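Structure file upload-v2.txt; described as compact mmCIF, C-alpha atoms and all ligand atoms.
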```txt
# COMPACT_ATOMS: atom_id res chain seq x y z
CA MET A 212 120.64 95.43 91.61
CA SER A 213 119.75 97.78 88.76
CA VAL A 214 117.30 100.65 89.33
CA ILE A 215 114.64 101.03 86.66
CA PHE A 216 114.02 104.57 85.42
CA ASN A 217 111.17 106.12 87.34
CA PRO A 218 109.83 109.23 85.61
CA ASP A 219 108.37 110.57 88.87
CA PHE A 220 111.50 110.25 90.90
CA HIS A 221 113.53 113.46 90.87
CA PRO A 222 116.37 113.78 93.33
CA VAL A 223 115.52 116.18 96.15
CA SER A 224 116.62 119.66 95.10
CA ASN A 225 118.15 122.30 97.33
CA ASP A 226 118.58 124.66 94.39
CA PRO A 227 117.19 128.03 95.57
CA SER A 228 116.52 129.12 91.96
CA ARG A 229 113.77 126.48 91.81
CA HIS A 230 111.93 127.97 94.78
CA GLY A 231 108.89 130.02 93.92
CA GLN A 232 108.31 127.68 90.95
CA THR A 233 104.88 126.06 90.92
CA ILE A 234 104.15 122.59 89.62
CA PRO A 235 101.03 120.44 90.03
CA VAL A 236 101.21 118.36 93.18
CA ALA A 237 99.19 115.15 93.44
CA PHE A 238 97.81 114.15 96.81
CA ASN A 239 99.47 110.75 96.56
CA LYS A 240 101.67 108.73 94.26
CA PRO A 241 102.14 105.06 95.11
CA ALA A 242 105.52 104.40 96.71
CA PHE A 243 108.07 103.20 94.19
CA ILE A 244 111.51 102.07 95.32
CA GLY A 245 112.86 101.42 91.84
CA TYR A 246 113.14 97.70 91.17
CA GLU A 247 109.58 96.50 91.80
CA LEU A 248 109.12 95.84 88.08
CA GLU A 249 112.10 93.48 88.06
CA GLU A 250 110.53 91.41 90.82
CA VAL A 251 107.11 91.40 89.10
CA GLN A 252 108.88 90.27 85.92
CA ARG A 253 110.65 87.55 87.88
CA ALA A 254 107.29 86.30 89.16
CA ILE A 255 106.05 86.06 85.58
CA VAL A 256 109.16 84.85 83.76
CA ASN A 257 111.24 82.96 86.32
CA HIS A 258 108.79 81.62 88.87
CA ARG A 259 105.98 81.27 86.34
CA HIS A 260 103.50 81.67 89.16
CA ILE A 261 101.25 84.71 89.26
CA SER A 262 98.23 83.47 91.21
CA GLY A 263 98.34 83.35 95.00
CA ALA A 264 100.43 81.47 97.56
CA GLY A 265 103.60 81.60 95.45
CA TYR A 266 107.23 82.56 96.12
CA TYR A 267 106.56 86.26 96.78
CA THR A 268 103.51 85.67 98.95
CA ARG A 269 105.55 83.30 101.12
CA HIS A 270 108.41 85.80 101.37
CA CYS A 271 106.16 88.75 102.22
CA GLU A 272 104.35 86.66 104.82
CA SER A 273 107.63 85.66 106.32
CA LEU A 274 108.86 89.30 106.53
CA LEU A 275 105.57 90.31 108.16
CA ALA A 276 105.58 87.32 110.52
CA ASP A 277 109.11 88.28 111.62
CA LEU A 278 108.00 91.87 112.20
CA TYR A 279 104.84 90.98 114.14
CA ALA A 280 106.18 87.75 115.70
CA THR A 281 102.97 85.92 114.79
CA PRO A 282 101.44 84.37 111.61
CA VAL A 283 100.35 86.90 108.99
CA LEU A 284 98.35 86.11 105.82
CA LEU A 285 98.48 88.27 102.72
CA VAL A 286 95.01 89.03 101.41
CA THR A 287 93.40 91.08 98.67
CA SER A 288 92.69 94.17 100.83
CA CYS A 289 92.32 95.43 104.37
CA THR A 290 88.58 95.43 103.68
CA HIS A 291 88.77 91.67 103.18
CA ALA A 292 91.05 91.19 106.20
CA LEU A 293 88.39 92.95 108.29
CA GLU A 294 85.65 90.75 106.82
CA MET A 295 87.72 87.66 107.59
CA SER A 296 88.17 88.91 111.17
CA ALA A 297 84.41 89.25 111.70
CA HIS A 298 83.96 85.76 110.33
CA LEU A 299 86.80 84.16 112.30
CA LEU A 300 85.44 85.60 115.55
CA ASN A 301 81.99 84.14 114.70
CA LEU A 302 80.24 87.48 115.01
CA GLY A 303 76.59 87.53 113.99
CA PRO A 304 73.23 89.28 114.14
CA GLU A 305 72.88 89.02 117.91
CA ASP A 306 76.19 90.75 118.52
CA GLU A 307 77.06 94.39 119.07
CA VAL A 308 80.38 95.75 117.85
CA ILE A 309 81.79 99.07 119.04
CA LEU A 310 83.79 101.10 116.53
CA PRO A 311 84.60 104.74 115.87
CA SER A 312 82.35 106.76 113.60
CA TYR A 313 85.36 108.60 112.21
CA THR A 314 86.74 105.81 110.02
CA PHE A 315 86.70 104.34 106.54
CA VAL A 316 83.53 102.54 105.54
CA SER A 317 85.28 99.14 105.44
CA THR A 318 85.66 99.12 109.23
CA ALA A 319 81.88 99.16 109.53
CA ASN A 320 81.00 97.02 106.52
CA ALA A 321 83.00 94.06 107.80
CA PHE A 322 80.62 93.72 110.75
CA ALA A 323 77.49 95.01 108.99
CA LEU A 324 77.90 92.21 106.44
CA LYS A 325 77.61 89.70 109.29
CA GLY A 326 74.45 91.43 110.48
CA CYS A 327 76.07 92.81 113.65
CA ARG A 328 74.66 95.87 115.41
CA LEU A 329 77.11 98.71 115.09
CA LYS A 330 77.67 101.07 118.02
CA PHE A 331 79.51 104.20 117.00
CA ALA A 332 81.87 105.80 119.51
CA ASP A 333 83.30 109.31 119.41
CA CYS A 334 86.98 110.06 118.83
CA ASP A 335 89.47 112.44 120.41
CA ALA A 336 91.52 115.25 118.85
CA TYR A 337 94.00 112.64 117.54
CA GLY A 338 91.24 110.77 115.70
CA GLN A 339 91.41 107.87 118.18
CA ILE A 340 88.40 106.12 119.69
CA CYS A 341 87.31 107.69 123.03
CA LEU A 342 87.52 105.10 125.75
CA ASP A 343 84.86 106.71 127.92
CA SER A 344 82.56 106.47 124.92
CA VAL A 345 83.47 102.77 124.54
CA GLN A 346 82.77 102.15 128.21
CA ARG A 347 79.32 103.74 127.99
CA LEU A 348 78.43 101.68 124.92
CA VAL A 349 79.25 98.24 126.36
CA THR A 350 76.17 96.06 127.04
CA GLU A 351 75.69 92.31 127.56
CA ARG A 352 75.32 91.96 123.80
CA THR A 353 78.67 93.56 123.03
CA LYS A 354 81.08 91.02 121.58
CA ALA A 355 83.87 93.08 120.06
CA VAL A 356 85.57 96.43 119.79
CA CYS A 357 87.20 97.41 116.51
CA VAL A 358 89.84 100.03 117.19
CA VAL A 359 91.13 102.10 114.25
CA HIS A 360 94.72 103.29 114.42
CA TYR A 361 93.95 106.47 112.52
CA ALA A 362 97.01 108.12 110.97
CA GLY A 363 99.16 105.32 112.41
CA ASN A 364 98.47 106.56 115.94
CA SER A 365 96.50 104.91 118.70
CA THR A 366 94.35 105.32 121.75
CA ASP A 367 95.60 104.17 125.17
CA MET A 368 95.90 100.49 124.26
CA ASP A 369 96.53 99.31 127.84
CA ALA A 370 93.27 100.89 128.95
CA LEU A 371 91.37 99.54 125.91
CA LEU A 372 92.72 96.05 126.50
CA ALA A 373 91.63 96.29 130.15
CA ILE A 374 88.06 97.19 129.06
CA CYS A 375 88.03 94.26 126.61
CA GLN A 376 89.31 91.87 129.26
CA GLU A 377 86.84 93.07 131.88
CA HIS A 378 83.86 92.55 129.53
CA GLN A 379 85.30 89.58 127.62
CA LEU A 380 85.25 91.40 124.30
CA TYR A 381 87.24 90.53 121.22
CA LEU A 382 89.59 93.24 120.05
CA VAL A 383 90.06 93.79 116.32
CA GLU A 384 92.68 96.32 115.22
CA ASP A 385 92.03 98.17 111.99
CA ALA A 386 95.67 98.97 111.37
CA ALA A 387 95.11 99.87 107.70
CA GLN A 388 97.27 102.98 108.14
CA ALA A 389 99.53 101.71 110.87
CA ILE A 390 102.22 99.41 109.49
CA GLY A 391 105.27 99.51 111.74
CA THR A 392 103.82 101.85 114.36
CA ARG A 393 104.01 101.34 118.11
CA TYR A 394 102.19 102.32 121.26
CA LYS A 395 104.41 102.45 124.35
CA GLY A 396 107.01 100.53 122.37
CA ARG A 397 104.70 97.63 121.41
CA LEU A 398 103.74 97.26 117.76
CA LEU A 399 100.20 98.22 116.86
CA GLY A 400 98.71 95.12 115.30
CA THR A 401 99.90 92.89 118.15
CA TRP A 402 97.39 94.06 120.77
CA GLY A 403 94.15 92.60 119.45
CA ASP A 404 92.93 89.08 118.73
CA VAL A 405 93.43 89.92 115.08
CA ALA A 406 94.64 92.97 113.17
CA CYS A 407 94.34 94.17 109.59
CA LEU A 408 96.82 96.05 107.39
CA SER A 409 96.22 97.78 104.07
CA PHE A 410 98.59 97.90 101.12
CA HIS A 411 96.34 100.12 99.03
CA GLU A 412 98.34 102.58 96.93
CA THR A 413 97.61 105.39 99.39
CA LYS A 414 99.33 103.53 102.23
CA ASN A 415 102.99 103.80 103.28
CA VAL A 416 103.75 100.37 101.81
CA THR A 417 101.77 99.21 98.81
CA SER A 418 100.96 96.44 96.38
CA GLY A 419 98.39 98.53 94.51
CA GLU A 420 95.50 96.80 96.22
CA GLY A 421 96.23 94.42 99.07
CA GLY A 422 96.14 93.76 102.76
CA ALA A 423 97.21 91.43 105.52
CA LEU A 424 95.57 89.64 108.40
CA ILE A 425 97.68 89.43 111.56
CA LEU A 426 96.64 86.45 113.67
CA ASN A 427 97.65 87.04 117.26
CA ARG A 428 95.55 84.02 118.22
CA ARG A 429 97.37 81.25 116.39
CA GLU A 430 94.45 78.83 116.75
CA LEU A 431 92.64 80.94 114.11
CA LEU A 432 95.33 80.30 111.50
CA GLU A 433 94.02 77.07 110.03
CA ARG A 434 90.49 78.44 109.58
CA ALA A 435 91.87 81.68 108.17
CA HIS A 436 93.67 79.65 105.48
CA VAL A 437 90.40 77.86 104.66
CA LEU A 438 88.44 81.10 104.57
CA ARG A 439 91.00 82.71 102.26
CA GLU A 440 90.91 79.69 99.91
CA LYS A 441 87.17 79.72 99.13
CA GLY A 442 86.30 77.48 102.08
CA THR A 443 88.62 74.66 100.99
CA ASN A 444 91.56 72.95 102.67
CA ARG A 445 93.76 73.70 99.66
CA THR A 446 96.57 75.03 101.89
CA GLN A 447 96.69 71.75 103.82
CA PHE A 448 96.76 69.89 100.51
CA PHE A 449 99.83 71.85 99.34
CA GLN A 450 101.44 71.28 102.75
CA GLY A 451 100.97 67.53 102.13
CA LEU A 452 98.64 67.20 105.12
CA VAL A 453 95.65 65.87 103.13
CA ASP A 454 95.70 63.89 99.88
CA LYS A 455 93.03 65.92 98.09
CA TYR A 456 91.42 69.23 98.76
CA THR A 457 87.74 69.84 99.20
CA TRP A 458 85.08 72.17 100.54
CA VAL A 459 85.24 72.20 104.36
CA ASP A 460 83.79 75.58 105.47
CA ILE A 461 82.39 78.75 103.98
CA GLY A 462 84.94 81.09 102.45
CA SER A 463 85.79 83.36 99.60
CA SER A 464 88.68 84.33 97.35
CA TYR A 465 90.91 86.50 99.51
CA VAL A 466 94.20 85.40 97.95
CA MET A 467 96.64 88.09 96.77
CA SER A 468 98.18 87.54 93.33
CA ASP A 469 101.91 86.82 93.41
CA MET A 470 102.45 89.74 90.99
CA ASN A 471 101.12 92.12 93.62
CA ALA A 472 103.15 90.31 96.27
CA ALA A 473 106.30 90.77 94.13
CA TYR A 474 105.74 94.55 94.17
CA LEU A 475 105.02 94.41 97.89
CA PHE A 476 108.15 92.35 98.60
CA VAL A 477 110.40 95.23 97.50
CA GLN A 478 108.41 97.70 99.56
CA LEU A 479 108.54 95.59 102.71
CA GLN A 480 112.29 95.20 102.32
CA HIS A 481 112.48 99.02 102.31
CA LEU A 482 110.00 99.64 105.11
CA ASP A 483 112.55 101.55 107.21
CA ASP A 484 113.56 103.80 104.27
CA ILE A 485 109.93 104.54 103.50
CA GLN A 486 109.10 105.41 107.10
CA ALA A 487 112.24 107.57 107.43
CA LYS A 488 111.50 109.54 104.25
CA ARG A 489 107.90 110.14 105.38
CA ALA A 490 109.10 111.27 108.81
CA GLN A 491 111.44 113.75 107.12
CA LEU A 492 108.64 115.17 104.95
CA TRP A 493 106.25 115.29 107.91
CA GLU A 494 108.73 117.17 110.09
CA ARG A 495 109.54 119.60 107.29
CA TYR A 496 105.83 120.42 106.95
CA TYR A 497 105.50 120.75 110.71
CA ARG A 498 108.37 123.22 111.07
CA ALA A 499 107.20 125.30 108.09
CA LEU A 500 103.49 125.43 108.95
CA LEU A 501 103.55 125.84 112.74
CA PRO A 502 104.20 129.62 112.53
CA LEU A 503 101.29 130.02 110.08
CA LEU A 504 98.56 128.77 112.40
CA PRO A 505 97.21 132.20 113.46
CA GLY A 506 96.62 133.09 109.79
CA LEU A 507 95.18 129.69 108.98
CA ASN A 508 92.90 129.67 112.01
CA ALA A 509 93.63 125.96 112.24
CA ARG A 510 95.67 123.51 114.27
CA LEU A 511 98.14 120.91 113.06
CA PHE A 512 96.93 117.33 113.46
CA GLU A 513 99.42 116.05 116.02
CA ASN A 514 100.65 112.55 116.81
CA ALA A 515 99.01 110.97 119.85
CA PRO A 516 100.91 110.62 123.15
CA GLY A 517 102.82 107.37 123.63
CA CYS A 518 102.92 106.60 119.88
CA ASP A 519 105.84 106.03 117.53
CA PRO A 520 103.88 106.82 114.38
CA ASN A 521 104.67 106.04 110.73
CA TYR A 522 103.83 109.56 109.48
CA HIS A 523 101.02 108.18 107.37
CA LEU A 524 99.37 111.55 106.97
CA PHE A 525 99.89 115.25 107.55
CA ALA A 526 96.74 117.25 108.22
CA LEU A 527 95.41 120.62 109.32
CA VAL A 528 92.22 120.92 111.32
CA PHE A 529 90.32 124.16 110.72
CA HIS A 530 88.58 125.61 113.76
CA GLN A 531 85.73 126.95 111.59
CA PRO A 532 84.26 124.34 109.20
CA GLU A 533 83.47 127.03 106.63
CA ASP A 534 87.22 127.78 106.23
CA ARG A 535 87.97 124.29 104.91
CA PRO A 536 86.30 124.43 101.47
CA ALA A 537 87.88 127.85 100.86
CA PHE A 538 91.33 126.40 101.65
CA ILE A 539 90.76 123.31 99.45
CA ARG A 540 89.67 125.58 96.57
CA PHE A 541 92.70 127.83 97.05
CA MET A 542 95.03 124.81 96.87
CA LYS A 543 93.20 123.46 93.82
CA GLU A 544 93.74 126.77 92.02
CA ARG A 545 97.46 126.14 92.60
CA ASP A 546 97.08 122.61 91.17
CA ILE A 547 97.58 121.03 94.58
CA VAL A 548 95.26 118.29 95.77
CA ALA A 549 94.45 118.66 99.49
CA PRO A 550 91.44 116.49 100.34
CA PHE A 551 89.37 116.12 103.49
CA HIS A 552 89.05 112.66 104.99
CA TYR A 553 86.09 110.73 106.36
CA VAL A 554 82.45 111.67 106.39
CA ALA A 555 81.36 110.48 109.86
CA LEU A 556 79.71 107.09 109.44
CA HIS A 557 76.93 107.85 111.90
CA ASP A 558 75.97 110.79 109.63
CA SER A 559 75.99 108.70 106.43
CA PRO A 560 72.73 107.44 104.90
CA MET A 561 73.53 103.87 106.09
CA GLY A 562 74.46 105.05 109.57
CA GLN A 563 71.33 107.16 109.94
CA ALA A 564 69.04 104.43 108.62
CA HIS A 565 70.42 101.50 110.62
CA TYR A 566 72.78 102.49 113.40
CA PRO A 567 71.44 105.41 115.46
CA VAL A 568 73.94 106.86 117.91
CA THR A 569 73.46 107.29 121.61
CA GLU A 570 76.74 109.13 122.13
CA THR A 571 77.40 112.82 121.48
CA MET A 572 80.06 113.13 118.80
CA PRO A 573 81.97 116.41 119.21
CA GLY A 574 85.41 114.93 118.41
CA THR A 575 84.09 113.19 115.31
CA ALA A 576 82.26 116.33 114.14
CA ALA A 577 85.40 118.47 114.55
CA LEU A 578 87.49 116.16 112.33
CA ALA A 579 84.74 115.34 109.82
CA SER A 580 84.15 119.06 109.21
CA GLY A 581 87.61 120.54 109.79
CA LEU A 582 90.37 118.12 108.77
CA VAL A 583 92.24 118.51 105.50
CA ARG A 584 95.23 116.46 104.39
CA LEU A 585 98.27 117.72 102.54
CA PRO A 586 100.16 115.72 99.90
CA LEU A 587 102.68 113.36 101.49
CA PHE A 588 104.20 110.37 99.70
CA TYR A 589 107.50 108.54 99.62
CA ASN A 590 108.67 109.81 96.24
CA MET A 591 107.66 113.42 96.95
CA THR A 592 110.38 115.86 95.94
CA GLU A 593 111.52 118.87 97.89
CA LEU A 594 110.23 121.05 95.05
CA GLU A 595 106.76 119.49 95.30
CA GLN A 596 106.73 120.00 99.04
CA ASP A 597 107.94 123.58 98.69
CA CYS A 598 105.05 124.30 96.31
CA VAL A 599 102.60 123.05 98.94
CA ILE A 600 104.28 125.02 101.73
CA HIS A 601 104.38 128.22 99.67
CA ALA A 602 100.70 127.84 98.79
CA VAL A 603 99.77 127.42 102.46
CA GLN A 604 101.93 130.44 103.32
CA ASP A 605 100.15 132.52 100.67
CA TYR A 606 96.76 131.40 101.95
CA ALA A 607 97.69 132.27 105.56
CA THR A 608 99.05 135.67 104.51
CA ARG A 609 95.88 136.41 102.56
CA MET A 610 93.70 135.45 105.53
CA LEU A 611 95.68 137.68 107.90
CA ALA A 612 95.18 140.58 105.49
CA VAL A 613 91.39 140.14 105.41
C1 LIG F 1 90.98 102.89 108.48
C2 LIG F 1 90.85 102.10 107.21
N1 LIG F 1 90.33 100.86 107.25
C3 LIG F 1 90.21 100.11 106.15
C4 LIG F 1 90.61 100.57 104.92
C5 LIG F 1 90.43 99.71 103.70
O1 LIG F 1 91.67 99.34 103.13
P1 LIG F 1 91.70 98.63 101.72
O2 LIG F 1 91.63 99.70 100.67
O3 LIG F 1 93.03 97.92 101.71
O4 LIG F 1 90.58 97.69 101.64
C6 LIG F 1 91.15 101.86 104.81
C7 LIG F 1 91.57 102.38 103.51
O5 LIG F 1 91.81 103.54 103.29
C8 LIG F 1 91.28 102.65 105.99
O6 LIG F 1 91.80 103.89 105.96
```
Have the structure of the file written as C-alpha cells, please.
Ligand SMILES: Cc1ncc(COP(=O)(O)O)c(C=O)c1O
Amino acid sequence: MSVIFNPDFHPVSNDPSRHGQTIPVAFNKPAFIGYELEEVQRAIVNHRHISGAGYYTRHCESLLADLYATPVLLVTSCTHALEMSAHLLNLGPEDEVILPSYTFVSTANAFALKGCRLKFADCDAYGQICLDSVQRLVTERTKAVCVVHYAGNSTDMDALLAICQEHQLYLVEDAAQAIGTRYKGRLLGTWGDVACLSFHETKNVTSGEGGALILNRRELLERAHVLREKGTNRTQFFQGLVDKYTWVDIGSSYVMSDMNAAYLFVQLQHLDDIQAKRAQLWERYYRALLPLLPGLNARLFENAPGCDPNYHLFALVFHQPEDRPAFIRFMKERDIVAPFHYVALHDSPMGQAHYPVTETMPGTAALASGLVRLPLFYNMTELEQDCVIHAVQDYATRMLAV
C-alpha cells in the first residue's frame, strides 16, 4: 500500500536543536493516515459509485457494526443522527427532553425541531450531566434524556440507566466525541436506545462531515433506513424485498456520499492507531503542564472516573473567568489557536427565550467561562506540541512574576 505525500505530516522530532523554535500551531487538522486519497479515487474510478449506500458505506457500516455489536447507519452528520433519533423515538410537542446545557447546539436542535420542551441540566467538573439535576427535572411529561459524552467521557451510566428505567424514559447518547470510549468496560454508544457519532473534521476519526446512528433497538432499523432515504423504501428495493420503491413515511436525505465513506474507511481501519497517538499527545501535555498549575491558576480538565476515554480533547479550566481571554490572547500572539468551547445553551438567546431553567448551573458556568482547549490532533508533531507547551510555560512564568 503506497503512502501519498502529506505536506503536514512531519516525523516526530526529538532533535533538541529544534526546541525553542516557534511555528504556528493550528487548533486542529483533520486526521490523515496517508492513503485516503487512493480509496476516494477508487470510489470514483473503480467502483464508479459516489452517491450513498455504495461499497465504502457498506464496509464502514460493517466495521462499526462489528465494533458496537449492533446495526449502525452512516449519515451526513451527528446533527442529522440526533434529528433521526428524535424522529425514530416519536418525540413531539407534548414531550420533555432532559439534556445538559453545556453541549453543542445540535444536541438541543434535534429535539427543538420536533417541538419538544427542553429541560437543561447542570454538569459536573468533567463536563458530564449531573444525575441529581436529571432526577429533579423528571416529570410525567418527560420522555427522554439525551446524555452527552463530553470529551469522550461519561457520567455514571449505570445510575443514568436506572433513572431512565424507573421513569420509562428513552435514552439517547450524543457520542459525537466518543468513538471507541468505554464506561466500566462497556462501549459508550451501546447504553442508550440509540446513539450518535460525529465524523466532523474536528473529531478523532473523520470523513470531513459525517456521522453515524447506532441502533441498539434493532426494531428501529427498518424505519431508520426509510428516514435516511427521504421517506422511501429504497433500501428494501435494493435488497430485493420490494419490486419498486415509493414514498412510505416522512424522511430526508441523510445519506453519506461514498467518497466521504472512502475517506472514513481508512480512518476506521486505523482507529486504534489514532486513539493511541492521541493518548500519547494527551499524556505528554499532562506531564508537562501539571507542574505549571499554580502559575496558571487553573486546573487540568481530567478524565472522568470509570472511563476509558479516547483523548478527544485536552483542556485547562481557569479558576477566574477573567484569566481565560488573557491566556487565549497570549497564545494567539504566539500563533497558537487555543479556543474555548461551548456557550451554555441556557444562556443563549434561544435558551433564554424558550427554555427557562429551573436548576442552578454552577458546573456549567465554570466550564462555559473557564475552559480552554489546546491543539491536539492525530498528525500533530512533537515540534508543534513543544511550541504549545513552551508558550504555556512562558505564560505561567509571567503570571507568577506578576
Ligand atoms: C456534543 C456534540 N454533539 C453534536 C455535534 C454535531 O456533530 P456534527 O458536526 O457531526 O453534526 C458535535 C460537534 O461538534 C458535538 O460536539
_Long-range neighbours of Lys330 of chain A as a PyMOL selection string, 12 Å cut-off, only C-alpha atoms, 3 positions minimum in chain_ = chain A and resi 306-312+319+322-323+327+333+340+344-350+352-357+556-557+562-563+565-570
*Contacts with ligand LIG 1 (chain F) at most 7 Å, all atoms listed in the file counted, listed as a list in words*: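 Answer in the requested format: Ser288, Cys289, Thr290, His291, Thr314, Phe315, Ser317, Thr318, Val359, Tyr361, Asp385, Ala386, Ala387, Gln388, Ser409, Phe410, His411, Glu420, Gly421 and Gly422 of chain A.
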*Write out as number ranges by chain which residues come within 10 Å of Ile255 of chain A when counting only C-alpha atoms, dropping same-chain ones fewer than 5 positions away.*
A: 249-250, 260-262, 469-470, 473
*Enter the distance from atom CA of Ala472 of chain A to atom CA of Glu384 of chain A, in Å, rounded to one decimal.*
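Distance reported for this atom pair: 22.5 Å.
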*A:Tyr589, A:Val358, A:Arg498, A:Gly245 ranked by distance to Asp484 of chain A, top pick (using only C-alpha atoms)*: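 Closest candidate: A:Tyr589.
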*asked:* Please determine, counting only C-alpha atoms, which residue among A:Val283, A:Val583, A:Leu492, A:Ala362 has the shortest atom-to-atom distance to Ala549 of chain A.
replied: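 Result for the nearest residue to Ala549 of chain A: A:Val583.
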*Compare A:Ala237, A:Val437, A:Asn415, A:Asp367 by their minimum atom-to-atom distance to Thr592 of chain A, counting all atoms listed in the file, and give me the closest one.*
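Ranked by minimum distance to Thr592 of chain A, first place goes to A:Ala237.
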5 Å per side around segment 587-606 of chain A: axis-aligned box centre and edge lengths, as JSON:
```
{"center_x": 104.1, "center_y": 120.5, "center_z": 99.2, "size_x": 24.8, "size_y": 34.0, "size_z": 18.3}
```
_Between atom CA of Leu329 of chain A and atom CA of Leu293 of chain A, distance in Å (one decimal)_ = 14.4 Å
*Which one of A:Val528, A:Ala499, A:Leu372, A:Ala537 sits closest to Trp402 of chain A if you count only C-alpha atoms?*
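Once distances to Trp402 of chain A are computed over only C-alpha atoms, the minimum belongs to A:Leu372.
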*Pick the closest to Leu587 of chain A from A:Val383, A:Cys334, A:Ile485, A:Cys407: which is it, counting only C-alpha atoms?*
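Once distances to Leu587 of chain A are computed over only C-alpha atoms, the minimum belongs to A:Ile485.
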Proximity check segment 580-600 of chain A to segment 507-514 of chain A, 12 Å, nearest pairs one decimal Å, all atoms listed in the file, as JSON lines:
```
{"residue": "A:Gly581", "atom": "CA", "partner": "A:Ala509", "partner_atom": "CA", "distance": 8.5}
{"residue": "A:Leu582", "atom": "CA", "partner": "A:Phe512", "partner_atom": "CA", "distance": 8.1}
{"residue": "A:Val583", "atom": "CA", "partner": "A:Phe512", "partner_atom": "CA", "distance": 9.3}
{"residue": "A:Arg584", "atom": "CA", "partner": "A:Phe512", "partner_atom": "CA", "distance": 9.3}
{"residue": "A:Leu585", "atom": "CA", "partner": "A:Leu511", "partner_atom": "CA", "distance": 11.0}
```
*Using all atoms listed in the file, which of A:Leu398, A:Ala576, A:Ser468, A:Leu284 sits nearest Gly265 of chain A?*
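Using all atoms listed in the file, Gly265 of chain A sits closest to A:Ser468.
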_Pairwise distance for atom CA of Arg259 of chain A and atom CA of Met467 of chain A, rounded to one decimal in Å_ =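 Atom-to-atom, atom CA of Arg259 of chain A to atom CA of Met467 of chain A, that is 15.6 Å.
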*Name all residues at most 10 Å from Tyr456 of chain A (count all atoms listed in the file; drop same-chain ones fewer than 2 positions away) and give them as a ChimeraX atom specification.*
/A:443-449,452-454,458-459
_Exercise: residues within 12 Å of coordinate (101.8, 119.1, 98.2), counting only C-alpha atoms, as an MDAnalysis selection string_ = chainID A and resid 233:240 492:493 495:496 524:526 539 542:543 545:550 584:588 590:603
_Residues near Glu412 of chain A, anyone? I mean within 6 Å using all atoms listed in the file, not counting same-chain ones fewer than 5 positions away, as a list in words._
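After dropping sequence-adjacent residues, the list is Pro241, Thr417 and Gly419 of chain A.
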*Non-local contacts of Asp483 of chain A (12 Å; only C-alpha atoms; under 2 positions in same chain excluded) as a ChimeraX atom specification*: /A:244,278,390-392,415-416,477-481,485-490,521,589
